[in-house]
>>> print(open('final_22.pdb').read())   # PDB, C-alpha atoms
ATOM      1  CA  MET A   1      -1.864 -25.967   6.162
ATOM      2  CA  PRO A   2      -1.137 -24.288   2.782
ATOM      3  CA  PRO A   3       2.592 -23.923   2.008
ATOM      4  CA  ASP A   4       2.556 -20.104   2.072
ATOM      5  CA  VAL A   5       0.913 -20.053   5.503
ATOM      6  CA  ALA A   6       3.600 -22.376   6.857
ATOM      7  CA  ARG A   7       6.430 -20.495   5.148
ATOM      8  CA  PHE A   8       5.334 -17.125   6.496
ATOM      9  CA  ARG A   9       3.970 -18.199   9.870
ATOM     10  CA  GLY A  10       5.541 -15.844  12.385
ATOM     11  CA  ARG A  11       5.336 -15.119  16.056
ATOM     12  CA  PHE A  12       5.783 -12.451  18.673
ATOM     13  CA  ALA A  13       7.186 -13.638  21.977
ATOM     14  CA  PRO A  14       7.252 -10.961  24.688
ATOM     15  CA  SER A  15       8.457 -11.524  28.233
ATOM     16  CA  PRO A  16       5.853 -10.590  30.896
ATOM     17  CA  SER A  17       8.384  -8.753  33.027
ATOM     18  CA  GLY A  18       6.578  -5.464  32.543
ATOM     19  CA  PRO A  19       4.264  -3.598  30.151
ATOM     20  CA  LEU A  20       4.845  -3.410  26.412
ATOM     21  CA  HIS A  21       7.270  -0.616  25.507
ATOM     22  CA  PHE A  22       8.144   1.003  22.177
ATOM     23  CA  GLY A  23      11.027  -1.361  21.415
ATOM     24  CA  SER A  24       8.716  -4.338  21.819
ATOM     25  CA  LEU A  25       6.074  -2.624  19.678
ATOM     26  CA  VAL A  26       8.608  -2.378  16.842
ATOM     27  CA  ALA A  27       9.253  -6.138  17.040
ATOM     28  CA  ALA A  28       5.535  -6.886  17.229
ATOM     29  CA  VAL A  29       4.676  -4.682  14.258
ATOM     30  CA  GLY A  30       7.537  -5.986  12.118
ATOM     31  CA  SER A  31       6.766  -9.652  12.762
ATOM     32  CA  TYR A  32       3.018  -9.086  12.327
ATOM     33  CA  LEU A  33       3.344  -7.270   9.004
ATOM     34  CA  GLN A  34       5.834  -9.772   7.569
ATOM     35  CA  ALA A  35       3.504 -12.691   8.361
ATOM     36  CA  LYS A  36       0.100 -11.198   7.607
ATOM     37  CA  SER A  37       1.068  -9.295   4.441
ATOM     38  CA  HIS A  38       2.119 -12.636   2.917
ATOM     39  CA  GLY A  39      -0.998 -14.537   3.976
ATOM     40  CA  GLY A  40       0.722 -16.230   6.900
ATOM     41  CA  GLU A  41      -0.341 -16.650  10.516
ATOM     42  CA  TRP A  42       0.957 -14.643  13.455
ATOM     43  CA  LEU A  43       1.164 -16.422  16.792
ATOM     44  CA  LEU A  44       1.572 -14.955  20.255
ATOM     45  CA  ARG A  45       3.815 -16.693  22.770
ATOM     46  CA  ILE A  46       4.272 -15.385  26.310
ATOM     47  CA  GLU A  47       7.864 -16.191  27.261
ATOM     48  CA  ASP A  48       7.396 -16.597  30.993
ATOM     49  CA  ILE A  49       9.958 -19.386  31.404
ATOM     50  CA  ASP A  50      12.073 -17.191  33.710
ATOM     51  CA  THR A  51       9.545 -17.034  36.528
ATOM     52  CA  THR A  52      11.908 -14.909  38.637
ATOM     53  CA  ARG A  53      11.309 -11.973  36.269
ATOM     54  CA  VAL A  54       7.564 -12.326  35.717
ATOM     55  CA  GLN A  55       5.518  -9.360  36.884
ATOM     56  CA  SER A  56       1.981 -10.047  38.050
ATOM     57  CA  GLY A  57      -0.592  -8.886  35.513
ATOM     58  CA  ALA A  58       2.009  -8.063  32.845
ATOM     59  CA  ALA A  59       0.938 -10.800  30.414
ATOM     60  CA  ASP A  60      -2.695  -9.659  30.377
ATOM     61  CA  HIS A  61      -1.574  -6.055  29.992
ATOM     62  CA  ILE A  62       0.566  -7.005  26.970
ATOM     63  CA  LEU A  63      -2.380  -8.811  25.347
ATOM     64  CA  ARG A  64      -4.702  -5.830  25.818
ATOM     65  CA  THR A  65      -2.074  -3.426  24.469
ATOM     66  CA  LEU A  66      -1.590  -5.488  21.303
ATOM     67  CA  GLU A  67      -5.347  -5.437  20.794
ATOM     68  CA  GLN A  68      -5.353  -1.651  21.130
ATOM     69  CA  PHE A  69      -2.980  -1.504  18.156
ATOM     70  CA  GLY A  70      -5.112  -3.936  16.124
ATOM     71  CA  LEU A  71      -2.417  -6.613  16.336
ATOM     72  CA  TYR A  72      -4.644  -9.669  16.711
ATOM     73  CA  TRP A  73      -2.982 -13.070  16.826
ATOM     74  CA  ASP A  74      -4.066 -16.360  15.282
ATOM     75  CA  GLN A  75      -4.827 -19.358  17.503
ATOM     76  CA  SER A  76      -4.770 -19.096  21.287
ATOM     77  CA  GLU A  77      -1.785 -17.474  22.949
ATOM     78  CA  THR A  78       0.664 -19.908  24.516
ATOM     79  CA  TYR A  79       2.630 -19.708  27.764
ATOM     80  CA  GLN A  80       5.974 -21.380  28.212
ATOM     81  CA  THR A  81       5.200 -22.353  31.804
ATOM     82  CA  GLU A  82       2.408 -24.560  30.421
ATOM     83  CA  ARG A  83       4.865 -26.438  28.211
ATOM     84  CA  LEU A  84       7.321 -27.742  30.807
ATOM     85  CA  PRO A  85       6.694 -31.453  30.015
ATOM     86  CA  LEU A  86       7.676 -30.783  26.398
ATOM     87  CA  TYR A  87      10.933 -29.113  27.438
ATOM     88  CA  GLN A  88      11.686 -31.903  29.918
ATOM     89  CA  ALA A  89      11.176 -34.551  27.237
ATOM     90  CA  VAL A  90      13.706 -32.847  24.960
ATOM     91  CA  PHE A  91      16.090 -32.436  27.894
ATOM     92  CA  GLU A  92      15.877 -36.156  28.634
ATOM     93  CA  GLN A  93      16.464 -36.924  24.952
ATOM     94  CA  LEU A  94      19.629 -34.808  24.891
ATOM     95  CA  LEU A  95      20.801 -36.362  28.155
ATOM     96  CA  LYS A  96      20.311 -39.859  26.761
ATOM     97  CA  GLN A  97      22.266 -38.871  23.658
ATOM     98  CA  GLN A  98      25.090 -37.537  25.885
ATOM     99  CA  LYS A  99      24.749 -34.105  24.315
ATOM    100  CA  ILE A 100      24.603 -32.285  27.657
ATOM    101  CA  TYR A 101      26.590 -32.302  30.881
ATOM    102  CA  GLY A 102      26.390 -30.849  34.374
ATOM    103  CA  CYS A 103      28.325 -27.725  35.302
ATOM    104  CA  ASP A 104      28.976 -26.124  38.700
ATOM    105  CA  CYS A 105      31.068 -23.174  37.508
ATOM    106  CA  SER A 106      30.240 -19.887  39.169
ATOM    107  CA  ARG A 107      29.057 -16.816  37.323
ATOM    108  CA  ALA A 108      32.191 -15.046  38.536
ATOM    109  CA  ARG A 109      34.416 -17.662  36.880
ATOM    110  CA  ILE A 110      32.585 -17.339  33.572
ATOM    111  CA  GLN A 111      32.758 -13.548  33.725
ATOM    112  CA  SER A 112      36.510 -13.832  34.294
ATOM    113  CA  LEU A 113      36.678 -15.672  30.954
ATOM    114  CA  GLY A 114      35.014 -12.755  29.188
ATOM    115  CA  GLY A 115      31.500 -14.133  29.555
ATOM    116  CA  VAL A 116      31.924 -17.086  27.176
ATOM    117  CA  TYR A 117      32.096 -20.518  28.823
ATOM    118  CA  ASP A 118      35.201 -22.643  28.094
ATOM    119  CA  GLY A 119      33.773 -26.176  28.451
ATOM    120  CA  PHE A 120      35.654 -26.777  31.710
ATOM    121  CA  CYS A 121      33.122 -29.231  33.175
ATOM    122  CA  GLN A 122      32.655 -31.426  30.114
ATOM    123  CA  GLN A 123      35.030 -34.128  31.357
ATOM    124  CA  ARG A 124      34.194 -33.841  35.063
ATOM    125  CA  PHE A 125      31.072 -36.057  34.938
ATOM    126  CA  LEU A 126      29.282 -33.961  37.536
ATOM    127  CA  GLY A 127      25.991 -35.626  36.718
ATOM    128  CA  ARG A 128      27.017 -38.356  39.170
ATOM    129  CA  GLN A 129      26.795 -35.762  41.949
ATOM    130  CA  LEU A 130      23.308 -34.579  40.982
ATOM    131  CA  ILE A 131      21.852 -35.517  44.372
ATOM    132  CA  GLU A 132      24.558 -33.662  46.283
ATOM    133  CA  LYS A 133      24.529 -30.326  44.445
ATOM    134  CA  PRO A 134      22.411 -28.349  41.992
ATOM    135  CA  LEU A 135      23.965 -28.083  38.545
ATOM    136  CA  ALA A 136      23.525 -26.086  35.412
ATOM    137  CA  TRP A 137      23.292 -28.229  32.268
ATOM    138  CA  ARG A 138      25.237 -27.299  29.157
ATOM    139  CA  LEU A 139      24.850 -28.380  25.559
ATOM    140  CA  ILE A 140      27.682 -29.726  23.435
ATOM    141  CA  PRO A 141      26.565 -27.970  20.270
ATOM    142  CA  GLY A 142      28.550 -29.879  17.655
ATOM    143  CA  GLU A 143      29.094 -28.149  14.321
ATOM    144  CA  VAL A 144      27.798 -24.572  14.394
ATOM    145  CA  GLU A 145      28.124 -22.389  11.308
ATOM    146  CA  HIS A 146      29.982 -19.107  11.685
ATOM    147  CA  SER A 147      27.611 -17.254   9.337
ATOM    148  CA  PHE A 148      24.048 -17.298   8.067
ATOM    149  CA  THR A 149      21.868 -15.374   5.631
ATOM    150  CA  ASP A 150      19.546 -13.001   7.425
ATOM    151  CA  LEU A 151      16.295 -11.882   5.803
ATOM    152  CA  VAL A 152      17.170  -8.255   6.558
ATOM    153  CA  PHE A 153      20.965  -8.009   6.795
ATOM    154  CA  GLY A 154      21.992 -10.622   4.238
ATOM    155  CA  LYS A 155      25.124 -12.608   5.137
ATOM    156  CA  VAL A 156      26.026 -12.179   8.801
ATOM    157  CA  GLU A 157      29.244 -13.384  10.432
ATOM    158  CA  ILE A 158      29.007 -14.645  14.023
ATOM    159  CA  PRO A 159      32.012 -14.550  16.395
ATOM    160  CA  PRO A 160      33.535 -18.069  16.539
ATOM    161  CA  ALA A 161      33.653 -18.057  20.345
ATOM    162  CA  ILE A 162      29.856 -17.666  20.493
ATOM    163  CA  CYS A 163      29.367 -20.434  17.940
ATOM    164  CA  GLN A 164      31.577 -22.858  19.840
ATOM    165  CA  GLU A 165      30.337 -22.100  23.355
ATOM    166  CA  HIS A 166      28.795 -24.900  25.420
ATOM    167  CA  TYR A 167      25.830 -22.808  26.524
ATOM    168  CA  SER A 168      23.382 -23.498  29.326
ATOM    169  CA  ILE A 169      20.027 -25.081  28.512
ATOM    170  CA  LYS A 170      18.913 -25.626  32.127
ATOM    171  CA  ARG A 171      19.884 -23.342  34.953
ATOM    172  CA  ARG A 172      21.166 -24.286  38.375
ATOM    173  CA  ASP A 173      17.860 -23.181  39.910
ATOM    174  CA  GLY A 174      16.066 -25.788  37.782
ATOM    175  CA  LEU A 175      14.566 -23.377  35.253
ATOM    176  CA  PHE A 176      14.962 -24.184  31.573
ATOM    177  CA  ALA A 177      17.034 -21.620  29.684
ATOM    178  CA  TYR A 178      15.742 -19.413  26.901
ATOM    179  CA  GLN A 179      18.228 -20.867  24.416
ATOM    180  CA  LEU A 180      16.557 -24.277  24.652
ATOM    181  CA  VAL A 181      12.892 -23.400  24.931
ATOM    182  CA  VAL A 182      12.813 -20.813  22.136
ATOM    183  CA  VAL A 183      14.022 -23.429  19.661
ATOM    184  CA  ILE A 184      11.619 -26.090  20.906
ATOM    185  CA  ASP A 185       8.718 -23.633  20.709
ATOM    186  CA  ASP A 186       9.557 -22.433  17.198
ATOM    187  CA  LEU A 187       9.832 -26.005  15.926
ATOM    188  CA  GLN A 188       6.725 -27.273  17.700
ATOM    189  CA  GLN A 189       4.655 -24.318  16.476
ATOM    190  CA  GLN A 190       6.012 -24.710  12.935
ATOM    191  CA  ILE A 191       7.258 -21.141  12.732
ATOM    192  CA  GLY A 192       8.470 -20.433   9.194
ATOM    193  CA  GLN A 193      10.080 -17.042   9.810
ATOM    194  CA  VAL A 194      11.420 -15.605  13.038
ATOM    195  CA  ILE A 195      11.344 -11.805  12.842
ATOM    196  CA  ARG A 196      12.858 -10.339  16.010
ATOM    197  CA  GLY A 197      15.190  -7.701  17.431
ATOM    198  CA  ALA A 198      18.824  -7.459  16.383
ATOM    199  CA  ASP A 199      19.974  -8.061  19.962
ATOM    200  CA  LEU A 200      19.494 -11.782  19.216
ATOM    201  CA  LEU A 201      21.470 -11.763  15.967
ATOM    202  CA  ASP A 202      24.514 -13.543  17.417
ATOM    203  CA  MET A 203      22.367 -16.352  18.837
ATOM    204  CA  THR A 204      21.031 -17.406  15.436
ATOM    205  CA  THR A 205      23.536 -19.995  14.249
ATOM    206  CA  ARG A 206      23.551 -21.803  17.594
ATOM    207  CA  GLN A 207      19.749 -21.977  17.394
ATOM    208  CA  GLN A 208      19.946 -23.260  13.832
ATOM    209  CA  ALA A 209      22.392 -25.933  15.000
ATOM    210  CA  LEU A 210      20.086 -26.981  17.829
ATOM    211  CA  CYS A 211      17.236 -27.363  15.330
ATOM    212  CA  ALA A 212      19.463 -29.705  13.326
ATOM    213  CA  LEU A 213      20.427 -31.595  16.481
ATOM    214  CA  LEU A 214      16.711 -32.119  17.141
ATOM    215  CA  GLY A 215      16.280 -33.444  13.620
ATOM    216  CA  GLN A 216      14.317 -30.565  12.129
ATOM    217  CA  ALA A 217      14.898 -27.726   9.687
ATOM    218  CA  ALA A 218      15.359 -24.292  11.233
ATOM    219  CA  PRO A 219      13.055 -21.400  10.368
ATOM    220  CA  ALA A 220      14.332 -18.423   8.414
ATOM    221  CA  TYR A 221      15.523 -15.521  10.574
ATOM    222  CA  GLY A 222      15.248 -11.779  10.074
ATOM    223  CA  HIS A 223      16.411  -9.157  12.549
ATOM    224  CA  LEU A 224      15.001  -5.689  13.092
ATOM    225  CA  PRO A 225      16.878  -2.595  14.310
ATOM    226  CA  LEU A 226      16.701  -1.881  18.022
ATOM    227  CA  ALA A 227      15.205   1.366  19.244
ATOM    228  CA  VAL A 228      17.876   2.992  21.424
ATOM    229  CA  THR A 229      18.053   6.168  23.478
ATOM    230  CA  ALA A 230      21.854   6.254  23.114
ATOM    231  CA  PRO A 231      24.359   3.948  21.363
ATOM    232  CA  GLY A 232      24.141   0.550  23.054
ATOM    233  CA  GLN A 233      21.226   1.628  25.297
ATOM    234  CA  LYS A 234      18.189  -0.205  23.945
ATOM    235  CA  LEU A 235      14.729   0.368  25.334
ATOM    236  CA  SER A 236      13.888  -2.388  27.780
ATOM    237  CA  LYS A 237      11.827  -3.156  30.846
ATOM    238  CA  GLN A 238      15.037  -3.338  32.845
ATOM    239  CA  ASN A 239      15.758   0.333  32.204
ATOM    240  CA  HIS A 240      12.140   1.336  32.865
ATOM    241  CA  ALA A 241      11.028   2.032  29.310
ATOM    242  CA  THR A 242       7.663   3.798  29.148
ATOM    243  CA  ASP A 243       4.469   1.755  28.906
ATOM    244  CA  ILE A 244       3.460   2.214  25.249
ATOM    245  CA  SER A 245      -0.262   2.072  26.079
ATOM    246  CA  SER A 246       0.093   5.355  27.974
ATOM    247  CA  GLN A 247       1.234   7.141  24.792
ATOM    248  CA  PRO A 248      -0.920   8.270  21.812
ATOM    249  CA  LEU A 249      -1.497   5.011  19.884
ATOM    250  CA  SER A 250      -1.475   6.477  16.388
ATOM    251  CA  GLN A 251       1.712   8.405  17.029
ATOM    252  CA  SER A 252       3.487   5.318  18.433
ATOM    253  CA  LEU A 253       2.434   3.105  15.523
ATOM    254  CA  GLN A 254       3.524   5.689  12.969
ATOM    255  CA  GLN A 255       6.867   6.056  14.730
ATOM    256  CA  ALA A 256       7.332   2.270  14.707
ATOM    257  CA  LEU A 257       6.558   2.084  10.986
ATOM    258  CA  ASN A 258       8.986   4.890  10.223
ATOM    259  CA  LEU A 259      11.723   3.189  12.257
ATOM    260  CA  LEU A 260      11.109   0.052  10.177
ATOM    261  CA  GLY A 261      11.622   2.011   6.963
ATOM    262  CA  GLN A 262       7.938   2.057   6.047
ATOM    263  CA  GLN A 263       7.483   5.797   5.594
ATOM    264  CA  VAL A 264       3.876   6.755   6.249
ATOM    265  CA  PRO A 265       2.532   9.102   3.519
ATOM    266  CA  GLY A 266       1.670  12.660   4.418
ATOM    267  CA  GLU A 267      -2.078  12.198   3.999
ATOM    268  CA  LEU A 268      -2.036   9.553   6.757
ATOM    269  CA  GLN A 269      -0.224  11.686   9.308
ATOM    270  CA  GLY A 270      -2.304  11.459  12.484
ATOM    271  CA  ALA A 271      -4.656   8.846  11.002
ATOM    272  CA  ALA A 272      -6.354   6.263  13.186
ATOM    273  CA  VAL A 273      -4.475   3.104  14.120
ATOM    274  CA  SER A 274      -6.759   0.990  11.930
ATOM    275  CA  GLU A 275      -5.996   3.136   8.849
ATOM    276  CA  LEU A 276      -2.273   3.075   9.498
ATOM    277  CA  LEU A 277      -2.233  -0.695   9.944
ATOM    278  CA  SER A 278      -4.325  -1.225   6.802
ATOM    279  CA  TRP A 279      -1.887   0.909   4.803
ATOM    280  CA  ALA A 280       1.086  -0.899   6.304
ATOM    281  CA  LEU A 281      -0.326  -4.339   5.415
ATOM    282  CA  ALA A 282      -0.813  -3.271   1.809
ATOM    283  CA  ASN A 283       2.611  -1.645   1.482
ATOM    284  CA  TRP A 284       4.931  -3.641   3.756
ATOM    285  CA  GLN A 285       8.366  -4.368   2.291
ATOM    286  CA  LEU A 286      10.939  -6.145   4.437
ATOM    287  CA  SER A 287      13.632  -4.922   2.041
ATOM    288  CA  LYS A 288      13.022  -1.358   3.260
ATOM    289  CA  VAL A 289      13.908  -2.172   6.877
ATOM    290  CA  PRO A 290      17.179  -0.374   7.702
ATOM    291  CA  LYS A 291      20.185  -2.675   7.722
ATOM    292  CA  THR A 292      21.464  -1.286  10.989
ATOM    293  CA  LEU A 293      21.592  -2.753  14.468
ATOM    294  CA  GLU A 294      20.266   0.359  16.194
ATOM    295  CA  VAL A 295      18.088   3.372  15.476
ATOM    296  CA  LEU A 296      18.285   6.369  17.783
ATOM    297  CA  ILE A 297      14.878   7.634  18.864
TER     298      ILE A 297
END
>>> encode(input="final_22.pdb", output="structure tokens")
Amino acid sequence: MPPDVARFRGRFAPSPSGPLHFGSLVAAVGSYLQAKSHGGEWLLRIEDIDTTRVQSGAADHILRTLEQFGLYWDQSETYQTERLPLYQAVFEQLLKQQKIYGCDCSRARIQSLGGVYDGFCQQRFLGRQLIEKPLAWRLIPGEVEHSFTDLVFGKVEIPPAICQEHYSIKRRDGLFAYQLVVVIDDLQQQIGQVIRGADLLDMTTRQQALCALLGQAAPAYGHLPLAVTAPGQKLSKQNHATDISSQPLSQSLQQALNLLGQQVPGELQGAAVSELLSWALANWQLSKVPKTLEVLI
């Protein structure tokens, strides 16, 4: 694989908990343009690891919607539920290295701490009781940097409590946690740049540290503004954001480009999706993306 393809290989990783909405379109468009405008590849990963939230038919609907916008991915799409042996192998490796431990703390207890776990179970050796009770498994993260250089925001400071937290990598119900599988997937798929929503900004240094713990270099990270209907109210499937495929495609794509700081010229107002995407590929500049966590729509 040529160096530039590897360096700029990106991905879009939607959760199939509902149809694609405008906020997800922004992330898809931004990651697609950053990869493809630099000659890289753009991969599609369906993040269905949390099977309790998967909606029947949502994954296929997401694929068809991306195709409607001309956002075609390289290689075959992947599904996290088809990669469980890979996650289990890494879990066993971390267990053997004594980097993880069992935890039976309730959600209520953690919420009483302000939502950041305090490492209470590290010395309780609950793994010996594995047969008697289901446990969550937490990672001892080691040294986690308190800042990193983002491709969009520049230097970003992360709250120390988040950096130091012993976070869950396998839930009590036996499902692997997002924080583990996203890192494994990015490393295994040789993702060079992770372009994603700013809601994941604070998770970056812990993910970089996990890459190092697994013996590999982390990708570069860039975060895009979130589309919000009010301060702190991002569009999401949980708050019933509108299915983007039910809206005029050209209008939605133009709105996404404008939100990303790529101002569509007047002569392309109302142009077909294919024309808009062709213009965007030729003119994409990550430096024009607003350095703000949220954009009101």
>>> closest_residue(input="final_22.pdb", among="A:Tyr117, A:Glu82, A:Ala218, A:Gly232", to="Gly192 (chain A)", atoms="only C-alpha atoms")
A:Ala218
>>> resolve_selection(input="final_22.pdb", expression="the PyMOL selection byres ((chain A and resi 25) around 9)", output="PDB file with C-alpha atoms, keeping the file's coordinate frame")
ATOM      1  CA  LEU A  20       4.845  -3.410  26.412  1.00  0.00           C
ATOM      2  CA  HIS A  21       7.270  -0.616  25.507  1.00  0.00           C
ATOM      3  CA  PHE A  22       8.144   1.003  22.177  1.00  0.00           C
ATOM      4  CA  GLY A  23      11.027  -1.361  21.415  1.00  0.00           C
ATOM      5  CA  SER A  24       8.716  -4.338  21.819  1.00  0.00           C
ATOM      6  CA  VAL A  26       8.608  -2.378  16.842  1.00  0.00           C
ATOM      7  CA  ALA A  27       9.253  -6.138  17.040  1.00  0.00           C
ATOM      8  CA  ALA A  28       5.535  -6.886  17.229  1.00  0.00           C
ATOM      9  CA  VAL A  29       4.676  -4.682  14.258  1.00  0.00           C
ATOM     10  CA  GLY A  30       7.537  -5.986  12.118  1.00  0.00           C
ATOM     11  CA  LEU A  66      -1.590  -5.488  21.303  1.00  0.00           C
ATOM     12  CA  ILE A 244       3.460   2.214  25.249  1.00  0.00           C
ATOM     13  CA  SER A 252       3.487   5.318  18.433  1.00  0.00           C
ATOM     14  CA  LEU A 253       2.434   3.105  15.523  1.00  0.00           C
ATOM     15  CA  ALA A 256       7.332   2.270  14.707  1.00  0.00           C
TER      16      ALA A 256
END
>>> closest_residue(input="final_22.pdb", among="A:Lys291, A:Ser246, A:Thr204, A:Ile195", to="Pro19 (chain A)", atoms="all atoms listed in the file")
A:Ser246
>>> closest_residue(input="final_22.pdb", among="A:Cys103, A:Lys36, A:Glu67, A:Leu200", to="Asn283 (chain A)", atoms="all atoms listed in the file")
A:Lys36
>>> resolve_selection(input="final_22.pdb", expression="the PyMOL selection byres ((chain A and resi 137) around 9)", output="PDB file with C-alpha atoms, in the frame of the given file")
ATOM      1  CA  ILE A 100      24.603 -32.285  27.657  1.00  0.00           C
ATOM      2  CA  TYR A 101      26.590 -32.302  30.881  1.00  0.00           C
ATOM      3  CA  GLY A 102      26.390 -30.849  34.374  1.00  0.00           C
ATOM      4  CA  CYS A 103      28.325 -27.725  35.302  1.00  0.00           C
ATOM      5  CA  ASP A 104      28.976 -26.124  38.700  1.00  0.00           C
ATOM      6  CA  LEU A 135      23.965 -28.083  38.545  1.00  0.00           C
ATOM      7  CA  ALA A 136      23.525 -26.086  35.412  1.00  0.00           C
ATOM      8  CA  ARG A 138      25.237 -27.299  29.157  1.00  0.00           C
ATOM      9  CA  LEU A 139      24.850 -28.380  25.559  1.00  0.00           C
ATOM     10  CA  TYR A 167      25.830 -22.808  26.524  1.00  0.00           C
ATOM     11  CA  SER A 168      23.382 -23.498  29.326  1.00  0.00           C
ATOM     12  CA  ILE A 169      20.027 -25.081  28.512  1.00  0.00           C
ATOM     13  CA  LYS A 170      18.913 -25.626  32.127  1.00  0.00           C
ATOM     14  CA  ARG A 171      19.884 -23.342  34.953  1.00  0.00           C
ATOM     15  CA  ARG A 172      21.166 -24.286  38.375  1.00  0.00           C
TER      16      ARG A 172
END
>>> atom_distance(input="final_22.pdb", atom1="CA of Val228 (chain A)", atom2="CA of Thr242 (chain A)")
12.8 Å
>>> atom_distance(input="final_22.pdb", atom1="CA of Leu276 (chain A)", atom2="CA of Ile297 (chain A)")
20.1 Å
>>> resolve_selection(input="final_22.pdb", expression="the PyMOL selection byres ((chain A and resi 156) around 9)", output="compact mmCIF listing (two decimals) with C-alpha atoms, keeping the file's coordinate frame")
# COMPACT_ATOMS: atom_id res chain seq x y z
CA HIS A 146 29.98 -19.11 11.68
CA SER A 147 27.61 -17.25 9.34
CA PHE A 148 24.05 -17.30 8.07
CA THR A 149 21.87 -15.37 5.63
CA ASP A 150 19.55 -13.00 7.42
CA PHE A 153 20.96 -8.01 6.80
CA GLY A 154 21.99 -10.62 4.24
CA LYS A 155 25.12 -12.61 5.14
CA GLU A 157 29.24 -13.38 10.43
CA ILE A 158 29.01 -14.64 14.02
CA LEU A 201 21.47 -11.76 15.97
CA ASP A 202 24.51 -13.54 17.42
>>> atom_distance(input="final_22.pdb", atom1="CA of Leu277 (chain A)", atom2="CA of Pro16 (chain A)")
24.5 Å
>>> closest_residue(input="final_22.pdb", among="A:Arg64, A:Pro134, A:Lys99, A:Gln262", to="Asp173 (chain A)", atoms="all atoms listed in the file")
A:Pro134
>>> residues_near_point(input="final_22.pdb", point="(35.2, -16.6, 27.2)", cutoff="12 Å", atoms="only C-alpha atoms", output="number ranges by chain")
A: 107-120, 159-167
>>> residues_around(input="final_22.pdb", residues="Leu187 (chain A)", least_positions_apart="4", cutoff="8 Å", atoms="all atoms listed in the file", output="number ranges by chain")
A: 183, 191, 211, 216, 218-219
>>> axis_aligned_box(input="final_22.pdb", around="region 182-194 of chain A", padding_each_side="3 Å", output="JSON")
{"center_x": 9.3, "center_y": -21.4, "center_z": 15.7, "size_x": 15.4, "size_y": 17.7, "size_z": 18.9}
>>> closest_residue(input="final_22.pdb", among="A:Trp42, A:Val5, A:Thr52, A:Leu63", to="Ser245 (chain A)", atoms="only C-alpha atoms")
A:Leu63
>>> closest_residue(input="final_22.pdb", among="A:Arg83, A:Arg196, A:Arg45, A:His38", to="Leu281 (chain A)", atoms="all atoms listed in the file")
A:His38
>>> residues_around(input="final_22.pdb", residues="Leu259 (chain A)", least_positions_apart="5", cutoff="10 Å", atoms="only C-alpha atoms", output="number ranges by chain")
A: 26, 224-227, 253-254, 289-290, 294-297
>>> write_last_selection(input="final_22.pdb", atoms="C-alpha atoms", output="mmCIF file, in the coordinates of the input")
data_model
loop_
_atom_site.group_PDB
_atom_site.id
_atom_site.type_symbol
_atom_site.label_atom_id
_atom_site.label_comp_id
_atom_site.auth_asym_id
_atom_site.auth_seq_id
_atom_site.Cartn_x
_atom_site.Cartn_y
_atom_site.Cartn_z
ATOM 1 C CA VAL A 26 8.608 -2.378 16.842
ATOM 2 C CA LEU A 224 15.001 -5.689 13.092
ATOM 3 C CA PRO A 225 16.878 -2.595 14.310
ATOM 4 C CA LEU A 226 16.701 -1.881 18.022
ATOM 5 C CA ALA A 227 15.205 1.366 19.244
ATOM 6 C CA LEU A 253 2.434 3.105 15.523
ATOM 7 C CA GLN A 254 3.524 5.689 12.969
ATOM 8 C CA VAL A 289 13.908 -2.172 6.877
ATOM 9 C CA PRO A 290 17.179 -0.374 7.702
ATOM 10 C CA GLU A 294 20.266 0.359 16.194
ATOM 11 C CA VAL A 295 18.088 3.372 15.476
ATOM 12 C CA LEU A 296 18.285 6.369 17.783
ATOM 13 C CA ILE A 297 14.878 7.634 18.864
#
